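This report concerns only the one structure given below.
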Amino acid sequence: MPTLRSARVSALGILAVAGLLLTGCAGGQSTADACTIVQTTMEKAQEDLSESVTSFGSDPAAGADAVDDLAASFSGANEKISNEEVKKTTNAAEKALDAFAVEMRAAADDPENIETTALTDALGDIQTTFADVQTVCKP
């Protein structure tokens with residue numbers, strides 16, 4: 001079913017974004033401490049998300065649950081960030097991740113009518129905003 005495959009591909013794209021984020025952050029509170037908070041959150045969520053998203057075609061609810069959990073974890077981590085430069089980018093990333101979670105939930109709830117354009121657009125927003133976080137967090 002092409003729409004489920006598109007949703008799975010879009011969902012897997014979030015893992016690539018998370019991987020990009022993990023390569024850019026390090027260090028001491030300032031920008032480095034704020035980036036460490038984001039990095040730690042993404043490391044913890046990445047394995048669970050990978051397993052659930054991989055099975056999205058056979059268990060869409062599990063994939064959507066994993067994205068919901070990641071969005072909640074990222075939101076919790078974002079609350080701990082006080083560095084203004086990093087916070088500006090993580091606020092945008094949080095908003096994009098929340099929007100992607102909504103689209104994944106809609107896809108899981110109605111797999112016959114997946115809005116692939118909405119999923120693709122939401123993923124694009126994640127890629128853009130997390131690239132911005134990576135830029136701020138570069139060593």
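In the structure tokens, the first chain shown is A, the next is B, and so on; residue numbers restart at 1 for each chain, and ligands run from 1 in the order shown.
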
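Residue neighbourhood of Asp33 (chain A), excluding near-sequence residues (fewer than 3 positions): Cys25, Ala26, Gly27, Gly28, Gln29, Ser30, Thr36, Ile37, Val38, Gln39, Thr40, Ala77, Lys80, Ile81, Ser82, Asn83, Glu85, Val86, Lys87, Val136, Cys137 and Pro139 of chain A, at 12 Å, using only C-alpha atoms.
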
Atoms kept (N, CA, C and O atoms) for selection, written as an mmCIF file, in the first residue's frame:
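So the final result, stored in part18.cif, reads:
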```cif
data_model
loop_
_atom_site.group_PDB
_atom_site.id
_atom_site.type_symbol
_atom_site.label_atom_id
_atom_site.label_comp_id
_atom_site.auth_asym_id
_atom_site.auth_seq_id
_atom_site.Cartn_x
_atom_site.Cartn_y
_atom_site.Cartn_z
ATOM 1 N N CYS A 25 26.156 18.459 18.868
ATOM 2 C CA CYS A 25 26.094 19.039 20.199
ATOM 3 C C CYS A 25 27.172 18.479 21.131
ATOM 4 O O CYS A 25 27.498 17.316 21.079
ATOM 5 N N ALA A 26 27.693 19.329 21.970
ATOM 6 C CA ALA A 26 28.669 18.888 22.961
ATOM 7 C C ALA A 26 28.800 19.940 24.047
ATOM 8 O O ALA A 26 28.325 21.041 23.910
ATOM 9 N N GLY A 27 29.443 19.567 25.105
ATOM 10 C CA GLY A 27 29.973 20.475 26.034
ATOM 11 C C GLY A 27 29.569 21.185 27.277
ATOM 12 O O GLY A 27 28.969 20.666 28.084
ATOM 13 N N GLY A 28 29.764 22.420 27.789
ATOM 14 C CA GLY A 28 29.705 23.208 29.060
ATOM 15 C C GLY A 28 28.589 24.188 29.384
ATOM 16 O O GLY A 28 28.070 24.547 28.763
ATOM 17 N N GLN A 29 27.076 25.049 30.637
ATOM 18 C CA GLN A 29 25.757 25.718 30.246
ATOM 19 C C GLN A 29 26.017 27.096 29.706
ATOM 20 O O GLN A 29 26.414 27.971 30.376
ATOM 21 N N SER A 30 25.675 27.210 28.890
ATOM 22 C CA SER A 30 25.869 28.126 27.807
ATOM 23 C C SER A 30 25.196 27.395 26.672
ATOM 24 O O SER A 30 24.319 26.567 26.907
ATOM 25 N N THR A 36 23.542 19.854 25.066
ATOM 26 C CA THR A 36 23.668 18.554 25.715
ATOM 27 C C THR A 36 22.305 18.032 26.152
ATOM 28 O O THR A 36 22.017 16.844 26.036
ATOM 29 N N ILE A 37 21.457 18.920 26.634
ATOM 30 C CA ILE A 37 20.097 18.526 27.031
ATOM 31 C C ILE A 37 19.364 17.934 25.832
ATOM 32 O O ILE A 37 18.746 16.872 25.913
ATOM 33 N N VAL A 38 19.443 18.617 24.703
ATOM 34 C CA VAL A 38 18.774 18.144 23.490
ATOM 35 C C VAL A 38 19.386 16.818 23.037
ATOM 36 O O VAL A 38 18.676 15.869 22.716
ATOM 37 N N GLN A 39 20.697 16.734 23.036
ATOM 38 C CA GLN A 39 21.384 15.524 22.591
ATOM 39 C C GLN A 39 20.986 14.330 23.445
ATOM 40 O O GLN A 39 20.677 13.257 22.922
ATOM 41 N N THR A 40 20.994 14.485 24.748
ATOM 42 C CA THR A 40 20.648 13.395 25.656
ATOM 43 C C THR A 40 19.226 12.905 25.402
ATOM 44 O O THR A 40 18.965 11.701 25.354
ATOM 45 N N ALA A 77 12.446 18.299 27.619
ATOM 46 C CA ALA A 77 13.839 18.757 27.555
ATOM 47 C C ALA A 77 13.894 20.242 27.213
ATOM 48 O O ALA A 77 14.698 20.988 27.777
ATOM 49 N N LYS A 80 13.822 22.730 29.938
ATOM 50 C CA LYS A 80 15.048 22.869 30.726
ATOM 51 C C LYS A 80 16.079 23.783 30.068
ATOM 52 O O LYS A 80 17.112 24.080 30.654
ATOM 53 N N ILE A 81 15.811 24.198 28.848
ATOM 54 C CA ILE A 81 16.767 25.031 28.118
ATOM 55 C C ILE A 81 16.497 26.490 28.414
ATOM 56 O O ILE A 81 15.376 26.983 28.228
ATOM 57 N N SER A 82 17.538 27.175 28.864
ATOM 58 C CA SER A 82 17.401 28.598 29.158
ATOM 59 C C SER A 82 18.268 29.470 28.261
ATOM 60 O O SER A 82 18.081 30.684 28.212
ATOM 61 N N ASN A 83 19.189 28.875 27.555
ATOM 62 C CA ASN A 83 20.047 29.629 26.639
ATOM 63 C C ASN A 83 19.171 30.196 25.523
ATOM 64 O O ASN A 83 18.530 29.448 24.789
ATOM 65 N N GLU A 85 19.738 31.655 22.622
ATOM 66 C CA GLU A 85 20.081 31.303 21.242
ATOM 67 C C GLU A 85 19.583 29.904 20.897
ATOM 68 O O GLU A 85 18.975 29.679 19.848
ATOM 69 N N VAL A 86 19.825 28.953 21.790
ATOM 70 C CA VAL A 86 19.388 27.578 21.558
ATOM 71 C C VAL A 86 17.872 27.481 21.692
ATOM 72 O O VAL A 86 17.212 26.812 20.889
ATOM 73 N N LYS A 87 17.307 28.158 22.675
ATOM 74 C CA LYS A 87 15.862 28.093 22.945
ATOM 75 C C LYS A 87 15.048 28.528 21.726
ATOM 76 O O LYS A 87 14.013 27.942 21.423
ATOM 77 N N VAL A 136 23.211 25.825 15.570
ATOM 78 C CA VAL A 136 23.489 26.504 16.837
ATOM 79 C C VAL A 136 24.377 25.637 17.728
ATOM 80 O O VAL A 136 25.227 26.144 18.455
ATOM 81 N N CYS A 137 24.202 24.327 17.647
ATOM 82 C CA CYS A 137 24.931 23.400 18.517
ATOM 83 C C CYS A 137 26.246 22.901 17.942
ATOM 84 O O CYS A 137 26.888 22.037 18.548
ATOM 85 N N PRO A 139 30.040 22.326 17.191
ATOM 86 C CA PRO A 139 31.155 22.529 18.106
ATOM 87 C C PRO A 139 32.028 23.711 17.717
ATOM 88 O O PRO A 139 32.054 24.159 16.640
#
```

Pull the closest atom pair for each residue of region 59-110 of chain A that gets at most 7 Å from region 117-132 of chain A, along with the distance in Å to one decimal, counting only C-alpha atoms, ordering rows by chain and then ascending residue number, as JSON lines.
```
{"residue": "A:Thr89", "atom": "CA", "partner": "A:Asp132", "partner_atom": "CA", "distance": 6.1}
{"residue": "A:Ala92", "atom": "CA", "partner": "A:Thr129", "partner_atom": "CA", "distance": 6.0}
{"residue": "A:Ala93", "atom": "CA", "partner": "A:Thr129", "partner_atom": "CA", "distance": 4.8}
{"residue": "A:Ala96", "atom": "CA", "partner": "A:Ile126", "partner_atom": "CA", "distance": 5.2}
{"residue": "A:Leu97", "atom": "CA", "partner": "A:Ile126", "partner_atom": "CA", "distance": 6.0}
{"residue": "A:Ala99", "atom": "CA", "partner": "A:Ala122", "partner_atom": "CA", "distance": 6.3}
{"residue": "A:Phe100", "atom": "CA", "partner": "A:Ala122", "partner_atom": "CA", "distance": 5.0}
{"residue": "A:Glu103", "atom": "CA", "partner": "A:Leu119", "partner_atom": "CA", "distance": 5.8}
```

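When the distance limit is 10 Å and only C-alpha atoms are what count, the residues near Ser73 (chain A), minus those fewer than 2 positions from it on the same chain, are Val38, Thr41, Met42, Lys44, Ala45, Val67, Asp68, Asp69, Leu70, Ala71, Ser75, Gly76, Ala77, Asn78 and Glu94 of chain A.
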
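Between CA of Ala101 (chain A) and CA of Val133 (chain A) the interatomic distance comes to 18.8 Å.
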
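Interatomic distance, CA of Gln134 (chain A) against CA of Asp98 (chain A): 18.5 Å.
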
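The gap separating CA of Thr90 (chain A) from CA of Lys138 (chain A) is 14.1 Å, in Å to one decimal.
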
Item to check | Test item: residues at most 9 Å from Ala64 (chain A), only C-alpha atoms, excluding those fewer than 2 positions along its chain, as a PyMOL selection string | outcome: chain A and resi 52-53+56+59-62+66-69+101-108

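The closest residue to Asp65 (chain A), picked from A:Thr116, A:Cys35, A:Thr135, A:Asp109 and counting only C-alpha atoms, is A:Asp109.
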